[in-house]
Each structure stands twice: as C-alpha cells, then as structure tokens.
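Listing of input-v4.cif; format and content: mmCIF, C-alpha atoms.
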data_protein
loop_
_atom_site.group_PDB
_atom_site.id
_atom_site.type_symbol
_atom_site.label_atom_id
_atom_site.label_comp_id
_atom_site.auth_asym_id
_atom_site.auth_seq_id
_atom_site.Cartn_x
_atom_site.Cartn_y
_atom_site.Cartn_z
ATOM 1 C CA MET R 1 10.770 1.128 -34.452
ATOM 2 C CA LYS R 2 8.759 -0.963 -36.881
ATOM 3 C CA PRO R 3 7.198 -4.270 -35.773
ATOM 4 C CA ILE R 4 9.258 -7.289 -36.754
ATOM 5 C CA ASP R 5 7.770 -10.473 -38.122
ATOM 6 C CA ILE R 6 9.560 -13.419 -36.484
ATOM 7 C CA ALA R 7 8.011 -15.874 -38.891
ATOM 8 C CA THR R 8 4.786 -16.174 -40.821
ATOM 9 C CA SER R 9 2.112 -14.283 -38.902
ATOM 10 C CA ILE R 10 4.189 -13.932 -35.698
ATOM 11 C CA ARG R 11 5.184 -10.483 -34.563
ATOM 12 C CA ILE R 12 7.282 -8.702 -31.963
ATOM 13 C CA GLU R 13 7.514 -4.948 -31.525
ATOM 14 C CA ALA R 14 9.229 -2.472 -29.257
ATOM 15 C CA GLY R 15 6.002 -1.397 -27.539
ATOM 16 C CA LEU R 16 5.448 -4.981 -26.498
ATOM 17 C CA PHE R 17 8.761 -5.310 -24.707
ATOM 18 C CA LEU R 18 8.249 -4.139 -21.128
ATOM 19 C CA PRO R 19 11.718 -3.776 -19.591
ATOM 20 C CA ALA R 20 11.052 -3.086 -15.886
ATOM 21 C CA LEU R 21 7.420 -3.728 -15.202
ATOM 22 C CA GLU R 22 6.282 -2.741 -11.708
ATOM 23 C CA VAL R 23 3.437 -5.041 -10.709
ATOM 24 C CA SER R 24 2.560 -6.636 -7.389
ATOM 25 C CA SER R 25 -0.031 -9.207 -8.479
ATOM 26 C CA GLN R 26 -1.004 -11.360 -11.434
ATOM 27 C CA GLU R 27 -4.060 -9.152 -11.888
ATOM 28 C CA GLU R 28 -1.847 -6.093 -12.324
ATOM 29 C CA LEU R 29 0.476 -8.007 -14.629
ATOM 30 C CA PHE R 30 -2.336 -9.154 -16.903
ATOM 31 C CA ALA R 31 -3.795 -5.643 -16.922
ATOM 32 C CA ALA R 32 -0.425 -4.242 -18.009
ATOM 33 C CA LEU R 33 -0.034 -6.886 -20.724
ATOM 34 C CA ALA R 34 -3.550 -6.221 -22.023
ATOM 35 C CA ASP R 35 -2.886 -2.477 -22.000
ATOM 36 C CA ALA R 36 0.283 -2.937 -24.035
ATOM 37 C CA LEU R 37 -1.461 -5.180 -26.562
ATOM 38 C CA GLY R 38 -4.377 -2.771 -26.826
ATOM 39 C CA ALA R 39 -2.045 0.185 -27.389
ATOM 40 C CA ALA R 40 -0.236 -1.780 -30.100
ATOM 41 C CA GLY R 41 -3.510 -2.581 -31.845
ATOM 42 C CA ALA R 42 -2.877 -6.311 -31.457
ATOM 43 C CA ILE R 43 -6.244 -6.909 -29.764
ATOM 44 C CA HIS R 44 -9.662 -5.366 -30.280
ATOM 45 C CA ASP R 45 -10.677 -5.162 -26.636
ATOM 46 C CA ARG R 46 -8.269 -5.087 -23.711
ATOM 47 C CA ASN R 47 -10.899 -5.802 -21.026
ATOM 48 C CA ALA R 48 -12.075 -9.033 -22.614
ATOM 49 C CA PHE R 49 -8.496 -10.114 -23.174
ATOM 50 C CA GLN R 50 -7.435 -9.355 -19.606
ATOM 51 C CA ARG R 51 -10.354 -11.403 -18.328
ATOM 52 C CA LEU R 52 -9.323 -14.260 -20.596
ATOM 53 C CA LEU R 53 -5.778 -14.220 -19.198
ATOM 54 C CA VAL R 54 -7.045 -14.238 -15.621
ATOM 55 C CA GLU R 55 -9.400 -17.156 -16.232
ATOM 56 C CA ARG R 56 -6.819 -19.094 -18.232
ATOM 57 C CA GLU R 57 -4.252 -18.757 -15.451
ATOM 58 C CA ALA R 58 -6.839 -19.927 -12.910
ATOM 59 C CA LEU R 59 -7.051 -23.225 -14.807
ATOM 60 C CA GLY R 60 -3.399 -23.993 -14.161
ATOM 61 C CA THR R 61 -0.178 -22.102 -13.723
ATOM 62 C CA THR R 62 1.855 -21.005 -16.687
ATOM 63 C CA GLY R 63 4.873 -20.583 -14.436
ATOM 64 C CA LEU R 64 7.282 -23.168 -15.841
ATOM 65 C CA GLY R 65 9.972 -22.649 -13.234
ATOM 66 C CA HIS R 66 13.396 -20.967 -13.347
ATOM 67 C CA GLY R 67 11.649 -17.599 -12.890
ATOM 68 C CA ILE R 68 9.879 -17.810 -16.248
ATOM 69 C CA ALA R 69 6.168 -17.788 -17.028
ATOM 70 C CA ILE R 70 4.627 -18.276 -20.455
ATOM 71 C CA PRO R 71 0.985 -17.181 -20.273
ATOM 72 C CA HIS R 72 -0.705 -18.032 -23.545
ATOM 73 C CA ALA R 73 -4.132 -17.903 -25.087
ATOM 74 C CA ARG R 74 -5.975 -17.950 -28.321
ATOM 75 C CA SER R 75 -8.404 -15.057 -28.297
ATOM 76 C CA MET R 76 -11.434 -13.922 -30.230
ATOM 77 C CA VAL R 77 -10.191 -10.339 -29.931
ATOM 78 C CA ALA R 78 -6.641 -10.992 -31.112
ATOM 79 C CA GLN R 79 -5.604 -9.582 -34.470
ATOM 80 C CA ARG R 80 -2.431 -11.605 -35.036
ATOM 81 C CA THR R 81 0.012 -13.904 -33.290
ATOM 82 C CA THR R 82 2.090 -11.731 -31.024
ATOM 83 C CA LEU R 83 4.796 -12.216 -28.413
ATOM 84 C CA VAL R 84 4.906 -9.841 -25.447
ATOM 85 C CA VAL R 85 7.972 -9.949 -23.219
ATOM 86 C CA ALA R 86 8.076 -8.432 -19.741
ATOM 87 C CA ARG R 87 10.919 -8.229 -17.259
ATOM 88 C CA LEU R 88 9.362 -7.781 -13.844
ATOM 89 C CA ALA R 89 10.953 -5.331 -11.433
ATOM 90 C CA ARG R 90 10.191 -7.757 -8.595
ATOM 91 C CA GLY R 91 9.570 -11.476 -8.554
ATOM 92 C CA LEU R 92 5.891 -12.405 -8.657
ATOM 93 C CA ASP R 93 4.241 -15.480 -7.170
ATOM 94 C CA PHE R 94 2.828 -17.584 -9.996
ATOM 95 C CA GLN R 95 2.536 -20.835 -8.080
ATOM 96 C CA ALA R 96 5.185 -21.973 -10.508
ATOM 97 C CA VAL R 97 6.099 -25.641 -10.709
ATOM 98 C CA ASP R 98 9.335 -25.046 -8.775
ATOM 99 C CA GLY R 99 7.792 -22.517 -6.389
ATOM 100 C CA HIS R 100 10.171 -19.756 -7.465
ATOM 101 C CA PRO R 101 8.804 -16.273 -8.155
ATOM 102 C CA VAL R 102 8.481 -15.260 -11.789
ATOM 103 C CA GLU R 103 10.766 -12.536 -13.114
ATOM 104 C CA ARG R 104 10.378 -12.983 -16.863
ATOM 105 C CA VAL R 105 7.077 -13.238 -18.714
ATOM 106 C CA PHE R 106 6.702 -14.356 -22.330
ATOM 107 C CA LEU R 107 3.056 -13.925 -23.316
ATOM 108 C CA VAL R 108 1.900 -15.625 -26.506
ATOM 109 C CA VAL R 109 -1.418 -14.482 -27.936
ATOM 110 C CA ALA R 110 -3.052 -15.516 -31.188
ATOM 111 C CA PRO R 111 -6.382 -15.342 -32.959
ATOM 112 C CA TYR R 112 -8.405 -18.424 -33.767
ATOM 113 C CA GLY R 113 -8.020 -19.464 -37.381
ATOM 114 C CA VAL R 114 -6.309 -17.203 -39.878
ATOM 115 C CA GLY R 115 -3.313 -15.414 -38.348
ATOM 116 C CA GLY R 116 -2.976 -17.943 -35.550
ATOM 117 C CA GLU R 117 -0.912 -20.514 -37.437
ATOM 118 C CA GLY R 118 2.253 -19.668 -35.566
ATOM 119 C CA TYR R 119 0.739 -20.000 -32.100
ATOM 120 C CA LEU R 120 1.692 -23.581 -31.280
ATOM 121 C CA PRO R 121 5.117 -23.471 -32.942
ATOM 122 C CA LEU R 122 6.017 -20.305 -31.023
ATOM 123 C CA LEU R 123 4.706 -21.727 -27.765
ATOM 124 C CA GLY R 124 6.573 -24.967 -28.333
ATOM 125 C CA VAL R 125 9.861 -23.220 -29.074
ATOM 126 C CA LEU R 126 9.626 -21.060 -25.954
ATOM 127 C CA VAL R 127 8.715 -23.988 -23.692
ATOM 128 C CA ALA R 128 11.581 -26.058 -25.089
ATOM 129 C CA ALA R 129 13.971 -23.159 -24.494
ATOM 130 C CA VAL R 130 12.943 -22.943 -20.832
ATOM 131 C CA HIS R 131 13.905 -26.577 -20.359
ATOM 132 C CA HIS R 132 17.251 -26.279 -22.126
ATOM 133 C CA ASP R 133 19.993 -24.773 -19.951
ATOM 134 C CA THR R 134 21.771 -22.731 -22.613
ATOM 135 C CA ASP R 135 18.609 -21.547 -24.325
ATOM 136 C CA ARG R 136 17.047 -20.643 -20.973
ATOM 137 C CA GLU R 137 20.047 -18.444 -20.207
ATOM 138 C CA ARG R 138 19.444 -16.690 -23.510
ATOM 139 C CA LEU R 139 15.798 -16.071 -22.575
ATOM 140 C CA LEU R 140 16.802 -14.717 -19.181
ATOM 141 C CA ALA R 141 19.505 -12.518 -20.674
ATOM 142 C CA VAL R 142 17.090 -10.450 -22.761
ATOM 143 C CA GLU R 143 17.317 -6.933 -21.332
ATOM 144 C CA SER R 144 16.253 -4.774 -24.245
ATOM 145 C CA PHE R 145 14.195 -4.942 -27.411
ATOM 146 C CA ASP R 146 17.418 -5.221 -29.380
ATOM 147 C CA ASP R 147 18.255 -8.319 -27.325
ATOM 148 C CA LEU R 148 14.787 -9.688 -28.024
ATOM 149 C CA GLU R 149 15.125 -9.016 -31.739
ATOM 150 C CA LYS R 150 18.459 -10.854 -31.674
ATOM 151 C CA LEU R 151 16.921 -13.765 -29.773
ATOM 152 C CA ALA R 152 14.077 -13.896 -32.280
ATOM 153 C CA ARG R 153 16.482 -13.879 -35.212
ATOM 154 C CA GLN R 154 18.980 -16.380 -33.841
ATOM 155 C CA LEU R 155 16.861 -18.799 -31.833
ATOM 156 C CA ILE R 156 13.113 -18.383 -32.157
ATOM 157 C CA ARG R 157 12.764 -17.832 -35.890
ATOM 158 C CA PRO R 158 14.917 -20.757 -37.078
ATOM 159 C CA ARG R 159 13.253 -23.180 -34.703
ATOM 160 C CA ILE R 160 9.768 -22.059 -35.668
ATOM 161 C CA GLN R 161 10.694 -22.473 -39.301
ATOM 162 C CA GLU R 162 11.932 -25.978 -38.510
ATOM 163 C CA ALA R 163 8.674 -26.742 -36.709
ATOM 164 C CA LEU R 164 6.539 -25.369 -39.533
ATOM 165 C CA ALA R 165 8.525 -27.360 -42.095
ATOM 166 C CA ARG R 166 7.833 -30.670 -40.332
ATOM 167 C CA MET K 1 -17.966 0.973 -27.036
ATOM 168 C CA ASN K 2 -21.477 -0.100 -26.111
ATOM 169 C CA PRO K 3 -21.278 -1.600 -22.572
ATOM 170 C CA GLN K 4 -23.325 -4.585 -23.708
ATOM 171 C CA ILE K 5 -20.821 -5.254 -26.473
ATOM 172 C CA GLN K 6 -18.014 -5.130 -23.917
ATOM 173 C CA GLU K 7 -19.813 -7.697 -21.783
ATOM 174 C CA LEU K 8 -20.488 -9.828 -24.849
ATOM 175 C CA LEU K 9 -16.810 -9.801 -25.780
ATOM 176 C CA VAL K 10 -15.914 -11.054 -22.303
ATOM 177 C CA LEU K 11 -18.574 -13.735 -22.561
ATOM 178 C CA GLN K 12 -17.322 -14.747 -25.982
ATOM 179 C CA GLU K 13 -13.760 -15.142 -24.696
ATOM 180 C CA LEU K 14 -14.962 -17.326 -21.841
ATOM 181 C CA ASP K 15 -17.127 -19.410 -24.162
ATOM 182 C CA ALA K 16 -14.202 -19.967 -26.519
ATOM 183 C CA LEU K 17 -11.980 -21.062 -23.634
ATOM 184 C CA LEU K 18 -14.685 -23.396 -22.350
ATOM 185 C CA ALA K 19 -15.039 -24.890 -25.813
ATOM 186 C CA ASP K 20 -11.266 -25.399 -25.978
ATOM 187 C CA LEU K 21 -11.306 -27.149 -22.614
ATOM 188 C CA GLY K 22 -13.937 -29.513 -23.920
ATOM 189 C CA GLU K 23 -11.488 -30.786 -26.511
ATOM 190 C CA ALA K 24 -9.329 -33.642 -25.258
ATOM 191 C CA ALA K 25 -6.665 -32.799 -27.830
ATOM 192 C CA MET K 26 -6.275 -29.317 -26.429
ATOM 193 C CA ARG K 27 -5.874 -30.596 -22.875
ATOM 194 C CA GLU K 28 -3.346 -33.185 -24.036
ATOM 195 C CA ARG K 29 -1.390 -30.572 -25.950
ATOM 196 C CA GLU K 30 -1.263 -28.237 -22.961
ATOM 197 C CA ALA K 31 -0.203 -31.065 -20.664
ATOM 198 C CA ALA K 32 2.513 -32.133 -23.103
ATOM 199 C CA LEU K 33 3.884 -28.593 -23.036
ATOM 200 C CA GLY K 34 3.943 -28.634 -19.237
ATOM 201 C CA PHE K 35 0.676 -26.817 -18.596
ATOM 202 C CA PRO K 36 -1.716 -29.314 -17.014
ATOM 203 C CA LEU K 37 -5.205 -27.829 -16.858
ATOM 204 C CA GLY K 38 -7.503 -28.137 -13.858
ATOM 205 C CA GLU K 39 -11.258 -28.277 -13.623
ATOM 206 C CA SER K 40 -13.376 -25.691 -15.387
ATOM 207 C CA THR K 41 -15.752 -25.089 -12.465
ATOM 208 C CA ARG K 42 -14.503 -21.577 -11.769
ATOM 209 C CA LEU K 43 -14.575 -20.770 -15.476
ATOM 210 C CA SER K 44 -18.172 -21.950 -15.762
ATOM 211 C CA GLU K 45 -19.089 -19.783 -12.801
ATOM 212 C CA ALA K 46 -17.327 -16.818 -14.344
ATOM 213 C CA ARG K 47 -19.240 -17.472 -17.556
ATOM 214 C CA ALA K 48 -22.551 -17.485 -15.678
ATOM 215 C CA GLU K 49 -21.651 -14.218 -13.937
ATOM 216 C CA ALA K 50 -20.697 -12.605 -17.229
ATOM 217 C CA ALA K 51 -23.940 -13.775 -18.855
ATOM 218 C CA ALA K 52 -25.963 -12.359 -15.954
ATOM 219 C CA ARG K 53 -24.633 -8.893 -16.736
ATOM 220 C CA ILE K 54 -26.078 -8.964 -20.242
ATOM 221 C CA ASP K 55 -29.593 -7.927 -21.161
ATOM 222 C CA ALA K 56 -31.759 -11.028 -21.634
ATOM 223 C CA ARG K 57 -32.759 -10.123 -25.209
ATOM 224 C CA VAL K 58 -29.168 -9.454 -26.196
ATOM 225 C CA LEU K 59 -28.043 -12.686 -24.582
ATOM 226 C CA ARG K 60 -30.669 -14.667 -26.504
ATOM 227 C CA LEU K 61 -29.518 -13.058 -29.726
ATOM 228 C CA TYR K 62 -25.896 -13.928 -28.919
ATOM 229 C CA GLU K 63 -26.765 -17.533 -28.066
ATOM 230 C CA ARG K 64 -28.740 -17.924 -31.265
ATOM 231 C CA ILE K 65 -25.942 -16.551 -33.440
ATOM 232 C CA ARG K 66 -23.371 -18.674 -31.614
ATOM 233 C CA GLN K 67 -25.151 -21.815 -32.741
ATOM 234 C CA ARG K 68 -24.053 -20.925 -36.267
ATOM 235 C CA HIS K 69 -20.892 -18.957 -35.591
ATOM 236 C CA PRO K 70 -18.619 -19.493 -32.574
ATOM 237 C CA ARG K 71 -17.552 -15.909 -33.083
ATOM 238 C CA ALA K 72 -20.947 -14.316 -32.619
ATOM 239 C CA VAL K 73 -19.568 -10.842 -31.974
ATOM 240 C CA ALA K 74 -17.264 -9.517 -34.660
ATOM 241 C CA PRO K 75 -15.640 -6.206 -35.478
ATOM 242 C CA SER K 76 -16.537 -4.201 -38.515
ATOM 243 C CA LEU K 77 -14.151 -1.951 -40.336
ATOM 244 C CA GLY K 78 -15.006 0.502 -43.025
ATOM 245 C CA GLY K 79 -18.493 -0.922 -43.238
ATOM 246 C CA THR K 80 -17.257 -4.487 -43.666
ATOM 247 C CA CYS K 81 -18.195 -7.253 -41.237
ATOM 248 C CA LEU K 82 -14.910 -8.935 -40.362
ATOM 249 C CA GLY K 83 -16.801 -12.101 -39.485
ATOM 250 C CA CYS K 84 -17.963 -12.841 -43.037
ATOM 251 C CA PHE K 85 -16.291 -9.998 -44.977
ATOM 252 C CA THR K 86 -19.553 -8.646 -46.256
ATOM 253 C CA VAL K 87 -19.921 -4.940 -46.845
ATOM 254 C CA ARG K 88 -22.937 -3.962 -44.832
ATOM 255 C CA PRO K 89 -25.240 -0.993 -45.156
ATOM 256 C CA THR K 90 -24.058 1.994 -43.132
ATOM 257 C CA ALA K 91 -26.820 1.905 -40.517
ATOM 258 C CA MET K 92 -27.939 -1.676 -40.305
ATOM 259 C CA ALA K 93 -29.609 -2.427 -36.971
ATOM 260 C CA SER K 94 -30.935 -5.591 -35.452
ATOM 261 C CA ARG K 95 -34.690 -5.740 -34.984
ATOM 262 C CA GLN K 96 -34.229 -7.378 -31.617
ATOM 263 C CA SER K 97 -31.983 -4.876 -29.945
ATOM 264 C CA ASP K 98 -30.194 -1.629 -30.595
ATOM 265 C CA LEU K 99 -27.061 -3.523 -31.523
ATOM 266 C CA GLU K 100 -25.780 -3.528 -35.060
ATOM 267 C CA THR K 101 -25.761 -6.868 -36.790
ATOM 268 C CA CYS K 102 -24.417 -8.100 -40.100
ATOM 269 C CA GLU K 103 -27.119 -8.394 -42.718
ATOM 270 C CA ARG K 104 -25.541 -11.520 -44.194
ATOM 271 C CA CYS K 105 -24.195 -13.613 -41.329
ATOM 272 C CA GLY K 106 -26.192 -12.108 -38.475
ATOM 273 C CA ARG K 107 -23.178 -11.521 -36.232
ATOM 274 C CA ILE K 108 -23.348 -8.734 -33.684
ATOM 275 C CA LEU K 109 -20.970 -6.025 -34.807
ATOM 276 C CA PHE K 110 -18.807 -3.458 -33.102
ATOM 277 C CA ARG K 111 -16.892 -0.821 -34.960
ATOM 278 C CA LEU K 112 -13.142 -0.702 -34.720
ATOM 279 C CA GLU K 113 -11.513 2.524 -33.610
ATOM 280 C CA GLU K 114 -10.481 3.389 -37.137
ATOM 281 C CA GLU K 115 -14.078 3.428 -38.217
ATOM 282 C CA ARG K 116 -15.338 5.337 -35.173
ATOM 283 C CA HIS K 117 -12.667 7.991 -35.711
ATOM 284 C CA ALA K 118 -13.528 8.573 -39.345
ATOM 285 C CA PRO K 119 -16.846 10.480 -39.259
ATOM 286 C CA ALA K 120 -16.030 12.290 -42.490
ATOM 287 C CA ALA K 121 -15.759 9.005 -44.338
ATOM 288 C CA SER K 122 -19.087 7.841 -42.906
ATOM 289 C CA ALA K 123 -20.788 11.078 -43.856
ATOM 290 C CA ALA K 124 -19.510 10.739 -47.383
ATOM 291 C CA ALA K 125 -20.569 7.120 -47.668
ATOM 292 C CA PRO K 126 -23.276 6.288 -50.194
ATOM 293 C CA PRO K 127 -26.835 5.652 -48.950
ATOM 294 C CA ALA K 128 -27.590 2.252 -47.483
ATOM 295 C CA ARG K 129 -28.253 -0.407 -50.071
ATOM 296 C CA LYS K 130 -31.058 -2.880 -49.781
ATOM 297 C CA ARG K 131 -28.813 -5.895 -50.158
ATOM 298 C CA ALA K 132 -25.316 -6.520 -48.869
ATOM 299 C CA VAL K 133 -22.504 -7.038 -51.351
ATOM 300 C CA THR K 134 -20.415 -10.100 -50.700
ATOM 301 C CA ARG K 135 -16.702 -9.718 -51.276
ATOM 302 C CA LYS K 136 -15.430 -12.933 -49.811
ATOM 303 C CA ARG K 137 -16.982 -15.824 -47.994
ATOM 304 C CA GLY K 138 -15.983 -16.138 -44.312
#

Now, as a test, write the supplied structure out as structure tokens.
Amino acid sequence: MKPIDIATSIRIEAGLFLPALEVSSQEELFAALADALGAAGAIHDRNAFQRLLVEREALGTTGLGHGIAIPHARSMVAQRTTLVVARLARGLDFQAVDGHPVERVFLVVAPYGVGGEGYLPLLGVLVAAVHHDTDRERLLAVESFDDLEKLARQLIRPRIQEALAR
Amino acid sequence: MNPQIQELLVLQELDALLADLGEAAMREREAALGFPLGESTRLSEARAEAAARIDARVLRLYERIRQRHPRAVAPSLGGTCLGCFTVRPTAMASRQSDLETCERCGRILFRLEEERHAPAASAAAPPARKRAVTRKRG
C-alpha cells in the first residue's frame, strides 16, 4: 500500500501502523517505533532517534490520559513529518496525567525546517482530539490502517488544513 | 555506518533537544498542549555521556562545525551533501579525522543507504574535481 499524504508534508503509511504491539516497557516501545520508522525510510538513523525519544519522554510524560500517549519530537535524522500509530497488546505505564496505562500511541516525528511544517498542526489536532469525547472515541476506535486512513481523511486532514489556513 | 558517526548522530539529537529546551517559546508551546517539561539535568548528563564516547579530535571538529551549523552531521546522497546541497568530490576526507566532510560547508557527512548500496554508480563516477559545484544554497 502506498504512503498517504495527510496534508502538506505529513505522511501515514501501512508499515507505520502497528496493530498489536507486544512491548513491556517504554524502552521496548520506543525501540519498536524507531525500528518501524527506520524500515520505512522516514529516519536516517534509528539508534539516534530512539535515544531522542527516551530522553524526550524523561523530560515529561506524553501520556495525556484516557489510555493515549502522543510522543513527539523534531529530529535531525527525520526525513519528513510522519505519524506512527501503535495499538499496544497490553497497557503500558507512562506515568500519564490520569495514571491510567497507555494502550494507544500516536507518535509524531518531524525534521527541523523544510518538511517539518506540519508538525505543530498535526500535534495540535491530535491533542485536541484526545480532549474531545467524540473525537477521542474515534482515535481509540482505530483498529486497522484502513481505519487510520479514514480518520486521517475525515478528521485529521480537514483540521490541519484549517490550522494551516489560519 | 562508522561508529563515531553513530555516536555523533546521538549527540546531535541531544544537542538539538537541549537547544529547544533553552527556548521559552518551545516550553510554553509544549505546556499549552499539555506537555509540561521538567528540568534538563538528566538530558545534560546524557549529553556529557554521549560526548565522552566520541574521539576527542572528532568531538572538537563537531563542536567547531556546530558553531556555524546546528546540523553539523548531515547525510550525503549521490555525492551531494544534504546539509548545503553541494555536490562533493567522490572521496573528500577531512584532514583532521578519517571522517568525510563537505568541501563547501564543512559538515561531517555520512552516506545514506542508497549511496552505500550503489557501488557500480560510484565506480562509474567521474574523477574528483578540485572544486565543489554548488547547486543550491542550504
């Protein structure tokens, strides 16, 4: 399946939807996310990126509550703005704001400068969705890449376009 | 990939994150999104540990380049430095280490997989030129 551009310079692709990820720690999660991005050619170096994710998370949790985490980082090794979505097979402690284990991960990665224009709009749309009951249900209901593509088309893309137009 | 390059890429990521944390606007933006950021003590320690794993000469070279370019280590593809988009000679090497550097911008270079997996193209490449050709300013 070809990668899909959500909006200008923002991409999702089937290889970056991880439907039943078996991890037992944040370290394993970030390793799996870096592996997926490396395999997709979205980053130049998976080790440097994994280390970035670990250190970024140590600065403050990206677990927003309701079982959802949105790790995010601009990276010197990123090629383009990319969204990685993982459904975890088991809840993972993220020291989330509500204390609940994380079951859904939406990772936003972007390069500095060119190609990273969509980073903040995408992050903003996802965070807003977590805090909106109906939209959060739509995030949690994503079970396949087709579902993700539908979510991107119906919710993420229009709101990013609104944000970019402001 | 050269192990020193791998360590440099880690260091570069940590330096970029530290620089971001030094910007009040970035902290405010993160907090507004619901991601309050803590102290950078651990990150600074991680940075020091990463730097300690790098050869002193290479580290000095990196620090010197970083004064001009935050992205001191850049990929090259097809003989082009992706830091400044200059086509570099095929075997340009730094005088201060065995690392490749860009003749124009001085960045430390590492070759992307596509380039490493195309030996035939390299073999067929023309001889190294004395001066780099600039395609586009970075």

Go through chain R and flag each residue having an atom no more than 10 Å from chain K; for those, report the closest pair of atoms plus their distance in Å to one decimal, using all atoms listed in the file, ordered by chain and rising number, as a tab-separated table.
residue	atom	partner	partner_atom	distance
R:Gly41	CA	K:Glu113	CA	9.7
R:His44	CA	K:Leu112	CA	7.3
R:Asp45	CA	K:Leu9	CA	7.7
R:Arg46	CA	K:Gln6	CA	9.7
R:Asn47	CA	K:Val10	CA	7.4
R:Ala48	CA	K:Val10	CA	4.3
R:Phe49	CA	K:Glu13	CA	7.4
R:Gln50	CA	K:Val10	CA	9.1
R:Arg51	CA	K:Val10	CA	6.8
R:Leu52	CA	K:Glu13	CA	6.1
R:Leu53	CA	K:Glu13	CA	9.7
R:Val54	CA	K:Leu43	CA	10.0
R:Glu55	CA	K:Leu43	CA	6.4
R:Arg56	CA	K:Leu17	CA	7.7
R:Glu57	CA	K:Leu37	CA	9.2
R:Ala58	CA	K:Arg42	CA	7.9
R:Leu59	CA	K:Gly38	CA	5.0
R:Gly60	CA	K:Leu37	CA	5.0
R:Thr61	CA	K:Phe35	CA	6.8
R:Thr62	CA	K:Phe35	CA	6.2
R:Gly63	CA	K:Phe35	CA	8.6
R:Leu64	CA	K:Gly34	CA	7.2
R:Ile70	CA	K:Phe35	CA	9.6
R:Pro71	CA	K:Phe35	CA	9.8
R:Ala73	CA	K:Leu17	CA	8.6
R:Arg74	CA	K:Leu17	CA	8.2
R:Ser75	CA	K:Glu13	CA	6.5
R:Met76	CA	K:Glu13	CA	6.1
R:Val77	CA	K:Leu9	CA	7.8
R:Val97	CA	K:Gly34	CA	9.3
R:Tyr112	CA	K:Ala16	CA	9.4
R:Leu120	CA	K:Arg29	CA	9.3
R:Leu123	CA	K:Leu33	CA	8.4
R:Gly124	CA	K:Leu33	CA	7.0
R:Leu126	CA	K:Leu33	CA	9.9
R:Val127	CA	K:Leu33	CA	6.7
R:Ala128	CA	K:Leu33	CA	8.4

*Please identify all polymer residues within 12 Å of His66 in chain R, counting only C-alpha atoms, omitting same-chain residues fewer than 6 positions from it, and present them as a list in words.*
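The filter keeps Gly91, Phe94, Ala96, Val97, Asp98, Gly99, His100, Pro101, Val102, Glu103, Arg104, Val105, Val127, Ala129, Val130, His131, His132, Asp133, Arg136, Glu137, Leu139 and Leu140 of chain R.
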
*Residues selected by the PyMOL selection byres ((chain R and resi 26) around 8), written as a list in words*: Val23, Ser24, Ser25, Glu27, Glu28, Leu29, Phe30, Val54, Leu92, Asp93 and Phe94 of chain R

Translate the PyMOL selection byres ((chain R and resi 164) around 10) into a concrete residue list for this structure, as a compact mmCIF listing (two decimals) with C-alpha atoms, keeping the file's coordinate frame.
# COMPACT_ATOMS: atom_id res chain seq x y z
CA ALA R 7 8.01 -15.87 -38.89
CA THR R 8 4.79 -16.17 -40.82
CA GLU R 117 -0.91 -20.51 -37.44
CA GLY R 118 2.25 -19.67 -35.57
CA LEU R 120 1.69 -23.58 -31.28
CA PRO R 121 5.12 -23.47 -32.94
CA LEU R 122 6.02 -20.30 -31.02
CA PRO R 158 14.92 -20.76 -37.08
CA ARG R 159 13.25 -23.18 -34.70
CA ILE R 160 9.77 -22.06 -35.67
CA GLN R 161 10.69 -22.47 -39.30
CA GLU R 162 11.93 -25.98 -38.51
CA ALA R 163 8.67 -26.74 -36.71
CA ALA R 165 8.52 -27.36 -42.10
CA ARG R 166 7.83 -30.67 -40.33

*Calculate how many Å separate CA of Tyr62 in chain K from CA of Thr80 in chain K, rounding to one decimal.*
19.5 Å

*To one decimal in Å, tell me the separation between CA of Ile68 in chain R and CA of Ala19 in chain K.*
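Value for the CA of Ile68 in chain R-CA of Ala19 in chain K distance: 27.6 Å.
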
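Residues matched by the PyMOL selection byres ((chain R and resi 2) around 12) in this structure: Met1, Pro3, Ile4, Asp5, Arg11, Ile12, Glu13, Ala14, Gly15, Leu16, Ala40, Phe145 and Glu149 of chain R.
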
Please write out, as JSON, where the centre of an axis-aligned box around all listed atoms of range 78-93 of chain R lies and how long its edges are, in Å to one decimal, after adding 5 Å on each side.
{"center_x": 2.2, "center_y": -10.4, "center_z": -21.1, "size_x": 27.6, "size_y": 20.1, "size_z": 37.9}

_Point-to-point distance from CA of Glu100 in chain K to CA of Gln67 in chain K, Å rounded to tenths_ =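 Separation of CA of Glu100 in chain K and CA of Gln67 in chain K: 18.4 Å.
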
*Go through R:Val114, R:Tyr119, R:Ile156, R:Ser144 and flag the residue nearest Arg87 in chain R, using only C-alpha atoms for the distances.*
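So, comparing all the options, the nearest one is R:Ser144.
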